[in-house]
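Raw entry18.pdb, PDB, C-alpha atoms, pLDDT in the B column:
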ATOM      1  CA  GLN A   1      -7.302  12.613  12.284  1.00 69.00           C
ATOM      2  CA  LYS A   2      -7.319  11.901   8.603  1.00 72.00           C
ATOM      3  CA  GLU A   3      -9.799   9.216   7.649  1.00 89.00           C
ATOM      4  CA  VAL A   4     -10.597   7.326   4.517  1.00 94.00           C
ATOM      5  CA  GLU A   5     -13.818   5.337   4.484  1.00 94.00           C
ATOM      6  CA  GLN A   6     -14.752   2.503   2.176  1.00 93.00           C
ATOM      7  CA  ASN A   7     -17.622   0.068   2.179  1.00 85.00           C
ATOM      8  CA  SER A   8     -15.910  -3.150   3.215  1.00 78.00           C
ATOM      9  CA  GLY A   9     -18.318  -5.267   1.191  1.00 81.00           C
ATOM     10  CA  PRO A  10     -18.179  -7.951   0.128  1.00 91.00           C
ATOM     11  CA  LEU A  11     -19.414  -6.667  -3.204  1.00 96.00           C
ATOM     12  CA  SER A  12     -20.466  -9.281  -5.734  1.00 97.00           C
ATOM     13  CA  VAL A  13     -21.168  -8.576  -9.390  1.00 97.00           C
ATOM     14  CA  PRO A  14     -21.746 -10.921 -12.306  1.00 97.00           C
ATOM     15  CA  GLU A  15     -19.121 -11.253 -15.006  1.00 97.00           C
ATOM     16  CA  GLY A  16     -19.466  -8.507 -17.603  1.00 97.00           C
ATOM     17  CA  ALA A  17     -21.202  -6.083 -15.246  1.00 98.00           C
ATOM     18  CA  ILE A  18     -19.964  -2.757 -13.954  1.00 97.00           C
ATOM     19  CA  ALA A  19     -18.466  -2.781 -10.458  1.00 97.00           C
ATOM     20  CA  SER A  20     -18.674   0.495  -8.565  1.00 97.00           C
ATOM     21  CA  LEU A  21     -16.367   1.104  -5.624  1.00 97.00           C
ATOM     22  CA  ASN A  22     -16.713   4.163  -3.443  1.00 96.00           C
ATOM     23  CA  CYS A  23     -14.501   6.060  -1.031  1.00 96.00           C
ATOM     24  CA  THR A  24     -14.844   9.202   1.074  1.00 96.00           C
ATOM     25  CA  TYR A  25     -12.107  11.122   2.833  1.00 95.00           C
ATOM     26  CA  SER A  26     -12.055  13.624   5.644  1.00 94.00           C
ATOM     27  CA  ASP A  27      -9.028  15.823   4.908  1.00 91.00           C
ATOM     28  CA  ARG A  28     -10.042  18.638   2.538  1.00 90.00           C
ATOM     29  CA  GLY A  29      -6.382  19.397   1.923  1.00 88.00           C
ATOM     30  CA  SER A  30      -5.795  16.033   0.265  1.00 91.00           C
ATOM     31  CA  GLN A  31      -4.089  16.368  -3.073  1.00 89.00           C
ATOM     32  CA  SER A  32      -3.773  12.969  -4.675  1.00 94.00           C
ATOM     33  CA  PHE A  33      -5.980   9.923  -4.753  1.00 96.00           C
ATOM     34  CA  PHE A  34      -5.076   6.360  -5.578  1.00 97.00           C
ATOM     35  CA  TRP A  35      -6.731   3.027  -6.161  1.00 97.00           C
ATOM     36  CA  TYR A  36      -4.758  -0.121  -5.457  1.00 97.00           C
ATOM     37  CA  ARG A  37      -5.784  -3.711  -6.009  1.00 97.00           C
ATOM     38  CA  GLN A  38      -4.645  -6.382  -3.582  1.00 97.00           C
ATOM     39  CA  TYR A  39      -5.066 -10.052  -4.247  1.00 97.00           C
ATOM     40  CA  SER A  40      -5.155 -12.355  -1.254  1.00 94.00           C
ATOM     41  CA  GLY A  41      -1.640 -12.926   0.065  1.00 94.00           C
ATOM     42  CA  LYS A  42      -0.096 -10.385  -2.302  1.00 96.00           C
ATOM     43  CA  SER A  43       1.013  -6.786  -2.001  1.00 97.00           C
ATOM     44  CA  PRO A  44      -1.001  -3.835  -3.356  1.00 97.00           C
ATOM     45  CA  GLU A  45      -0.782  -3.059  -7.053  1.00 96.00           C
ATOM     46  CA  LEU A  46      -1.444   0.439  -8.372  1.00 96.00           C
ATOM     47  CA  ILE A  47      -4.457   0.657 -10.668  1.00 96.00           C
ATOM     48  CA  MET A  48      -4.956   4.384 -11.062  1.00 95.00           C
ATOM     49  CA  PHE A  49      -4.299   7.761  -9.566  1.00 95.00           C
ATOM     50  CA  ILE A  50      -6.272  10.955  -9.964  1.00 96.00           C
ATOM     51  CA  TYR A  51      -5.489  14.514  -8.962  1.00 93.00           C
ATOM     52  CA  SER A  52      -8.180  16.662 -10.574  1.00 93.00           C
ATOM     53  CA  ASN A  53     -11.946  16.762 -10.309  1.00 95.00           C
ATOM     54  CA  GLY A  54     -13.756  14.735 -12.914  1.00 95.00           C
ATOM     55  CA  ASP A  55     -13.209  11.401 -14.562  1.00 96.00           C
ATOM     56  CA  LYS A  56     -10.041   9.622 -15.598  1.00 97.00           C
ATOM     57  CA  GLU A  57     -10.244   6.547 -17.758  1.00 97.00           C
ATOM     58  CA  ASP A  58      -7.682   3.797 -18.280  1.00 95.00           C
ATOM     59  CA  GLY A  59      -8.912   0.792 -20.174  1.00 96.00           C
ATOM     60  CA  ARG A  60     -11.772  -0.801 -18.262  1.00 97.00           C
ATOM     61  CA  PHE A  61     -11.161   1.387 -15.227  1.00 98.00           C
ATOM     62  CA  THR A  62     -12.546   4.864 -14.583  1.00 98.00           C
ATOM     63  CA  ALA A  63     -11.677   6.883 -11.509  1.00 97.00           C
ATOM     64  CA  GLN A  64     -13.960   9.738 -10.505  1.00 97.00           C
ATOM     65  CA  LEU A  65     -13.057  12.533  -8.114  1.00 97.00           C
ATOM     66  CA  ASN A  66     -15.304  15.129  -6.524  1.00 96.00           C
ATOM     67  CA  LYS A  67     -13.280  17.254  -4.126  1.00 95.00           C
ATOM     68  CA  ALA A  68     -16.281  19.323  -3.036  1.00 95.00           C
ATOM     69  CA  SER A  69     -18.013  16.155  -1.836  1.00 95.00           C
ATOM     70  CA  GLN A  70     -14.714  14.575  -0.744  1.00 96.00           C
ATOM     71  CA  TYR A  71     -15.588  11.511  -2.744  1.00 96.00           C
ATOM     72  CA  VAL A  72     -13.585   9.198  -4.964  1.00 97.00           C
ATOM     73  CA  SER A  73     -14.889   6.237  -6.900  1.00 97.00           C
ATOM     74  CA  LEU A  74     -13.615   3.508  -9.164  1.00 98.00           C
ATOM     75  CA  LEU A  75     -15.708   1.933 -11.890  1.00 98.00           C
ATOM     76  CA  ILE A  76     -14.691  -1.354 -13.438  1.00 98.00           C
ATOM     77  CA  ARG A  77     -16.440  -2.058 -16.713  1.00 98.00           C
ATOM     78  CA  ASP A  78     -16.878  -5.529 -18.166  1.00 98.00           C
ATOM     79  CA  SER A  79     -15.840  -7.067 -14.847  1.00 98.00           C
ATOM     80  CA  GLN A  80     -13.893 -10.306 -15.058  1.00 97.00           C
ATOM     81  CA  PRO A  81     -13.374 -13.049 -12.454  1.00 97.00           C
ATOM     82  CA  SER A  82      -9.715 -12.000 -12.404  1.00 97.00           C
ATOM     83  CA  ASP A  83     -10.839  -8.639 -11.008  1.00 97.00           C
ATOM     84  CA  SER A  84     -11.872 -10.395  -7.799  1.00 97.00           C
ATOM     85  CA  ALA A  85      -9.668  -8.806  -5.136  1.00 97.00           C
ATOM     86  CA  THR A  86      -9.667  -6.219  -2.382  1.00 96.00           C
ATOM     87  CA  TYR A  87      -9.597  -2.657  -3.676  1.00 97.00           C
ATOM     88  CA  LEU A  88      -7.846  -0.090  -1.520  1.00 96.00           C
ATOM     89  CA  CYS A  89      -8.572   3.610  -1.737  1.00 96.00           C
ATOM     90  CA  ALA A  90      -5.611   5.731  -0.645  1.00 96.00           C
ATOM     91  CA  VAL A  91      -5.281   9.454  -0.144  1.00 95.00           C
ATOM     92  CA  MET A  92      -2.124  11.545  -0.043  1.00 92.00           C
ATOM     93  CA  GLY A  93      -2.211  14.771   1.890  1.00 83.00           C
ATOM     94  CA  ALA A  94      -0.561  18.046   1.040  1.00 76.00           C
ATOM     95  CA  GLY A  95       2.285  17.607   3.500  1.00 75.00           C
ATOM     96  CA  SER A  96       5.849  16.876   2.532  1.00 71.00           C
ATOM     97  CA  ALA A  97       5.866  13.390   4.045  1.00 76.00           C
ATOM     98  CA  ARG A  98       3.964  11.994   1.017  1.00 85.00           C
ATOM     99  CA  GLN A  99       2.340   9.376   3.199  1.00 90.00           C
ATOM    100  CA  LEU A 100      -0.802   7.573   2.166  1.00 92.00           C
ATOM    101  CA  THR A 101      -3.880   7.116   4.296  1.00 91.00           C
ATOM    102  CA  PHE A 102      -5.626   3.911   3.299  1.00 93.00           C
ATOM    103  CA  GLY A 103      -9.214   2.881   3.547  1.00 93.00           C
ATOM    104  CA  SER A 104      -9.966  -0.548   4.928  1.00 91.00           C
ATOM    105  CA  GLY A 105     -10.617  -1.879   1.428  1.00 94.00           C
ATOM    106  CA  THR A 106     -13.612  -3.239  -0.458  1.00 95.00           C
ATOM    107  CA  GLN A 107     -13.629  -6.931  -1.259  1.00 95.00           C
ATOM    108  CA  LEU A 108     -14.938  -7.489  -4.782  1.00 96.00           C
ATOM    109  CA  THR A 109     -16.052 -10.845  -6.145  1.00 97.00           C
ATOM    110  CA  VAL A 110     -16.888 -11.205  -9.824  1.00 97.00           C
ATOM    111  CA  LEU A 111     -19.072 -14.222 -10.363  1.00 96.00           C
ATOM    112  CA  PRO A 112     -18.553 -16.255 -13.568  1.00 93.00           C
TER     113      PRO A 112
ATOM    114  CA  GLY B 113       8.608   1.186 -15.121  1.00 71.00           C
ATOM    115  CA  ALA B 114       8.456   1.815 -11.334  1.00 91.00           C
ATOM    116  CA  VAL B 115       9.365  -1.705 -10.268  1.00 95.00           C
ATOM    117  CA  VAL B 116      10.130  -2.423  -6.629  1.00 97.00           C
ATOM    118  CA  SER B 117      11.649  -5.671  -5.423  1.00 97.00           C
ATOM    119  CA  GLN B 118      11.931  -7.187  -1.977  1.00 98.00           C
ATOM    120  CA  HIS B 119      14.193  -9.888  -0.683  1.00 97.00           C
ATOM    121  CA  PRO B 120      13.574 -12.401   0.698  1.00 97.00           C
ATOM    122  CA  SER B 121       9.993 -13.131  -0.302  1.00 97.00           C
ATOM    123  CA  TRP B 122       9.572 -15.305   2.756  1.00 97.00           C
ATOM    124  CA  VAL B 123      11.664 -16.152   5.787  1.00 97.00           C
ATOM    125  CA  ILE B 124      11.325 -18.445   8.768  1.00 97.00           C
ATOM    126  CA  CYS B 125      13.487 -17.789  11.788  1.00 96.00           C
ATOM    127  CA  LYS B 126      13.825 -18.794  15.394  1.00 97.00           C
ATOM    128  CA  SER B 127      12.705 -16.547  18.210  1.00 97.00           C
ATOM    129  CA  GLY B 128      15.458 -14.184  19.314  1.00 97.00           C
ATOM    130  CA  THR B 129      17.226 -13.955  15.979  1.00 97.00           C
ATOM    131  CA  SER B 130      17.384 -10.948  13.662  1.00 97.00           C
ATOM    132  CA  VAL B 131      16.086 -10.786  10.125  1.00 97.00           C
ATOM    133  CA  LYS B 132      16.991  -8.275   7.429  1.00 98.00           C
ATOM    134  CA  ILE B 133      14.606  -7.427   4.598  1.00 98.00           C
ATOM    135  CA  GLU B 134      15.781  -5.512   1.529  1.00 97.00           C
ATOM    136  CA  CYS B 135      13.684  -3.202  -0.598  1.00 97.00           C
ATOM    137  CA  ARG B 136      15.037  -2.041  -3.952  1.00 96.00           C
ATOM    138  CA  SER B 137      13.717   0.325  -6.585  1.00 95.00           C
ATOM    139  CA  LEU B 138      14.885  -1.319  -9.810  1.00 96.00           C
ATOM    140  CA  ASP B 139      14.307   1.302 -12.482  1.00 93.00           C
ATOM    141  CA  PHE B 140      14.105   4.569 -10.608  1.00 94.00           C
ATOM    142  CA  GLN B 141      15.703   6.370  -7.707  1.00 93.00           C
ATOM    143  CA  ALA B 142      13.671   6.714  -4.558  1.00 92.00           C
ATOM    144  CA  THR B 143      14.566   9.349  -2.024  1.00 90.00           C
ATOM    145  CA  THR B 144      11.695   8.130   0.108  1.00 94.00           C
ATOM    146  CA  MET B 145      10.594   4.608   0.859  1.00 96.00           C
ATOM    147  CA  PHE B 146       7.966   3.344   3.259  1.00 96.00           C
ATOM    148  CA  TRP B 147       7.670   0.207   5.350  1.00 97.00           C
ATOM    149  CA  TYR B 148       4.305  -1.355   6.129  1.00 97.00           C
ATOM    150  CA  ARG B 149       3.116  -4.373   8.051  1.00 96.00           C
ATOM    151  CA  GLN B 150      -0.065  -6.279   7.357  1.00 95.00           C
ATOM    152  CA  PHE B 151      -1.662  -8.921   9.529  1.00 93.00           C
ATOM    153  CA  PRO B 152      -4.189 -11.371   8.039  1.00 90.00           C
ATOM    154  CA  LYS B 153      -7.536  -9.825   7.120  1.00 86.00           C
ATOM    155  CA  GLN B 154      -6.316  -6.380   8.204  1.00 88.00           C
ATOM    156  CA  SER B 155      -5.361  -3.257   6.336  1.00 87.00           C
ATOM    157  CA  LEU B 156      -1.838  -1.988   5.770  1.00 92.00           C
ATOM    158  CA  MET B 157      -0.201  -0.374   8.765  1.00 92.00           C
ATOM    159  CA  LEU B 158       2.534   2.163   8.108  1.00 94.00           C
ATOM    160  CA  MET B 159       5.548   1.454  10.276  1.00 96.00           C
ATOM    161  CA  ALA B 160       8.028   4.076   9.158  1.00 96.00           C
ATOM    162  CA  THR B 161       9.112   6.468   6.458  1.00 94.00           C
ATOM    163  CA  SER B 162      12.652   5.989   5.229  1.00 92.00           C
ATOM    164  CA  ASN B 163      14.560   8.880   3.665  1.00 91.00           C
ATOM    165  CA  GLU B 164      17.854   8.411   1.909  1.00 89.00           C
ATOM    166  CA  GLY B 165      20.756   9.653   3.972  1.00 87.00           C
ATOM    167  CA  SER B 166      18.759  10.453   7.081  1.00 88.00           C
ATOM    168  CA  LYS B 167      17.110   8.719  10.001  1.00 90.00           C
ATOM    169  CA  ALA B 168      13.792   7.029   9.462  1.00 93.00           C
ATOM    170  CA  THR B 169      10.612   8.490  10.885  1.00 94.00           C
ATOM    171  CA  TYR B 170       8.676   5.913  12.859  1.00 96.00           C
ATOM    172  CA  GLU B 171       4.938   5.864  13.430  1.00 94.00           C
ATOM    173  CA  GLN B 172       3.589   5.993  16.932  1.00 93.00           C
ATOM    174  CA  GLY B 173       3.831   2.648  18.672  1.00 94.00           C
ATOM    175  CA  VAL B 174       6.568   1.254  16.424  1.00 95.00           C
ATOM    176  CA  GLU B 175       9.774   0.504  18.334  1.00 94.00           C
ATOM    177  CA  LYS B 176      12.671   2.051  16.441  1.00 93.00           C
ATOM    178  CA  ASP B 177      15.217  -0.081  18.302  1.00 95.00           C
ATOM    179  CA  LYS B 178      13.423  -3.238  17.283  1.00 96.00           C
ATOM    180  CA  PHE B 179      12.762  -2.321  13.663  1.00 97.00           C
ATOM    181  CA  LEU B 180      15.993  -0.861  12.331  1.00 96.00           C
ATOM    182  CA  ILE B 181      15.732   0.952   9.031  1.00 95.00           C
ATOM    183  CA  ASN B 182      18.646   1.968   6.843  1.00 93.00           C
ATOM    184  CA  HIS B 183      18.288   3.867   3.574  1.00 92.00           C
ATOM    185  CA  ALA B 184      21.898   4.190   2.480  1.00 84.00           C
ATOM    186  CA  SER B 185      21.332   4.644  -1.239  1.00 92.00           C
ATOM    187  CA  LEU B 186      18.684   5.972  -3.596  1.00 93.00           C
ATOM    188  CA  THR B 187      17.672   2.458  -4.589  1.00 94.00           C
ATOM    189  CA  LEU B 188      17.928   0.453  -1.375  1.00 95.00           C
ATOM    190  CA  SER B 189      16.258   0.514   2.009  1.00 96.00           C
ATOM    191  CA  THR B 190      16.570  -2.259   4.569  1.00 96.00           C
ATOM    192  CA  LEU B 191      14.417  -3.234   7.515  1.00 97.00           C
ATOM    193  CA  THR B 192      15.990  -5.347  10.226  1.00 97.00           C
ATOM    194  CA  VAL B 193      13.708  -6.999  12.743  1.00 98.00           C
ATOM    195  CA  THR B 194      15.893  -7.482  15.788  1.00 97.00           C
ATOM    196  CA  SER B 195      15.307 -10.170  18.398  1.00 96.00           C
ATOM    197  CA  ALA B 196      12.257 -11.375  16.547  1.00 97.00           C
ATOM    198  CA  HIS B 197       9.401 -12.971  18.453  1.00 96.00           C
ATOM    199  CA  PRO B 198       6.362 -14.906  17.250  1.00 96.00           C
ATOM    200  CA  GLU B 199       4.195 -11.785  17.497  1.00 96.00           C
ATOM    201  CA  ASP B 200       6.424 -10.180  14.857  1.00 97.00           C
ATOM    202  CA  SER B 201       5.222 -12.759  12.345  1.00 97.00           C
ATOM    203  CA  SER B 202       3.532 -10.763   9.628  1.00 97.00           C
ATOM    204  CA  PHE B 203       3.608  -9.653   5.999  1.00 97.00           C
ATOM    205  CA  TYR B 204       6.108  -6.813   5.616  1.00 98.00           C
ATOM    206  CA  ILE B 205       5.710  -4.638   2.529  1.00 98.00           C
ATOM    207  CA  CYS B 206       7.822  -1.751   1.330  1.00 97.00           C
ATOM    208  CA  SER B 207       6.931   0.951  -1.132  1.00 97.00           C
ATOM    209  CA  ALA B 208       9.048   3.463  -2.998  1.00 96.00           C
ATOM    210  CA  LEU B 209       8.013   6.940  -3.985  1.00 94.00           C
ATOM    211  CA  SER B 210       8.269   7.966  -7.625  1.00 91.00           C
ATOM    212  CA  THR B 211       6.676  11.189  -8.873  1.00 88.00           C
ATOM    213  CA  ASP B 212       4.421  11.387  -5.829  1.00 87.00           C
ATOM    214  CA  THR B 213       3.155   7.842  -6.323  1.00 92.00           C
ATOM    215  CA  GLN B 214       3.942   4.899  -4.070  1.00 94.00           C
ATOM    216  CA  TYR B 215       4.839   1.657  -5.810  1.00 96.00           C
ATOM    217  CA  PHE B 216       4.813  -1.435  -3.657  1.00 97.00           C
ATOM    218  CA  GLY B 217       7.230  -4.303  -3.476  1.00 97.00           C
ATOM    219  CA  PRO B 218       5.919  -7.874  -3.492  1.00 98.00           C
ATOM    220  CA  GLY B 219       6.235  -8.198   0.276  1.00 98.00           C
ATOM    221  CA  THR B 220       8.128 -10.456   2.670  1.00 98.00           C
ATOM    222  CA  ARG B 221       6.310 -12.999   4.755  1.00 98.00           C
ATOM    223  CA  LEU B 222       8.053 -13.439   8.103  1.00 97.00           C
ATOM    224  CA  THR B 223       7.341 -16.375  10.356  1.00 97.00           C
ATOM    225  CA  VAL B 224       9.022 -16.478  13.740  1.00 97.00           C
ATOM    226  CA  LEU B 225       8.996 -19.843  15.466  1.00 96.00           C
TER     227      LEU B 225
END

Structure encoded using structure tokens:
Amino acid sequence: QKEVEQNSGPLSVPEGAIASLNCTYSDRGSQSFFWYRQYSGKSPELIMFIYSNGDKEDGRFTAQLNKASQYVSLLIRDSQPSDSATYLCAVMGAGSARQLTFGSGTQLTVLP
Amino acid sequence: GAVVSQHPSWVICKSGTSVKIECRSLDFQATTMFWYRQFPKQSLMLMATSNEGSKATYEQGVEKDKFLINHASLTLSTLTVTSAHPEDSSFYICSALSTDTQYFGPGTRLTVL
């Protein structure tokens, strides 16, 4: 069974700090990796996706992928109170169904 | 780009009635759409995969006769909750696939009285 594990938190960081969110996955055949942000009562919103080993940066967000360790992370620099949300790690396998396996999410609180 | 809409955003219905939820990809064509359900404080649960022009694929434990899915065009998938009961009250979210990335609609909150 494909599994995606995240630390459920809650994770609290002060405003302006770096928030580090981690995710591990069990299926070595996984091809694509996604981070979604979900505010309370809202649907998930795509933040970033990453396919290749290494880092990918987009503004204040950096996704890191290490396929050998089956590890994905998301760094949020200069964290803002508006970043307070649940962050979902999602993994897409190599199959044709293109389904996502989600982690349970990490709840992040950025303290003003 | 990659905007997905859902209608209605919320609905209240009486037990035993049917409710239809629409999911539209506004600026792209989506051969594949997905339907999820989310209960409070829980993670997303995939209900079914909807493919344009073919029958939906339902996840284990999801009643296909209760949750009817139709994907008649490349921009529209519908989910009909038939004979709804209070336990069907939940947040229903669709997503549409574009270039191997799922983009989510805003969700529909269903309350069955």

Once the ChimeraX specification (/B :<9) & /A has been applied to the shown file, what residues remain in the selection, as a list in words?
-> Ser32, Phe34, Gly41, Lys42, Ser43, Pro44, Glu45, Leu46, Phe49, Leu88, Met92, Ala97, Arg98, Gln99, Leu100, Thr101, Phe102, Gly103, Ser104 and Gly105 of chain A

Up to 12 Å from (-14.3, 16.2, -2.9) in the file's coordinates: name the residues, counting all atoms listed in the file, as a ChimeraX atom specification.
-> /A:23-33,50-54,64-73,91

Which residues, written as a list in words, have at least one atom at most 7 Å from stretch 8-20 of chain A, with only C-alpha atoms counted and residues fewer than 5 positions away on the same chain left out?
->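 The filter keeps Leu74, Leu75, Ile76, Arg77, Asp78, Ser79, Gln80, Pro81, Ser104, Gly105, Thr106, Gln107, Leu108, Thr109, Val110, Leu111 and Pro112 of chain A.
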
Output the residue selection produced by the PyMOL selection byres ((chain B and resi 116) around 6) on the file above, formatted as a list in words.
-> Val115, Ser117, Arg136, Ser137, Leu138 and Gly217 of chain B

Would you kindly translate the PyMOL selection byres ((chain B and resi 165) around 10) into the concrete residues it picks from this file, as a ChimeraX atom specification?
-> /B:143-144,162-164,166-168,182-186
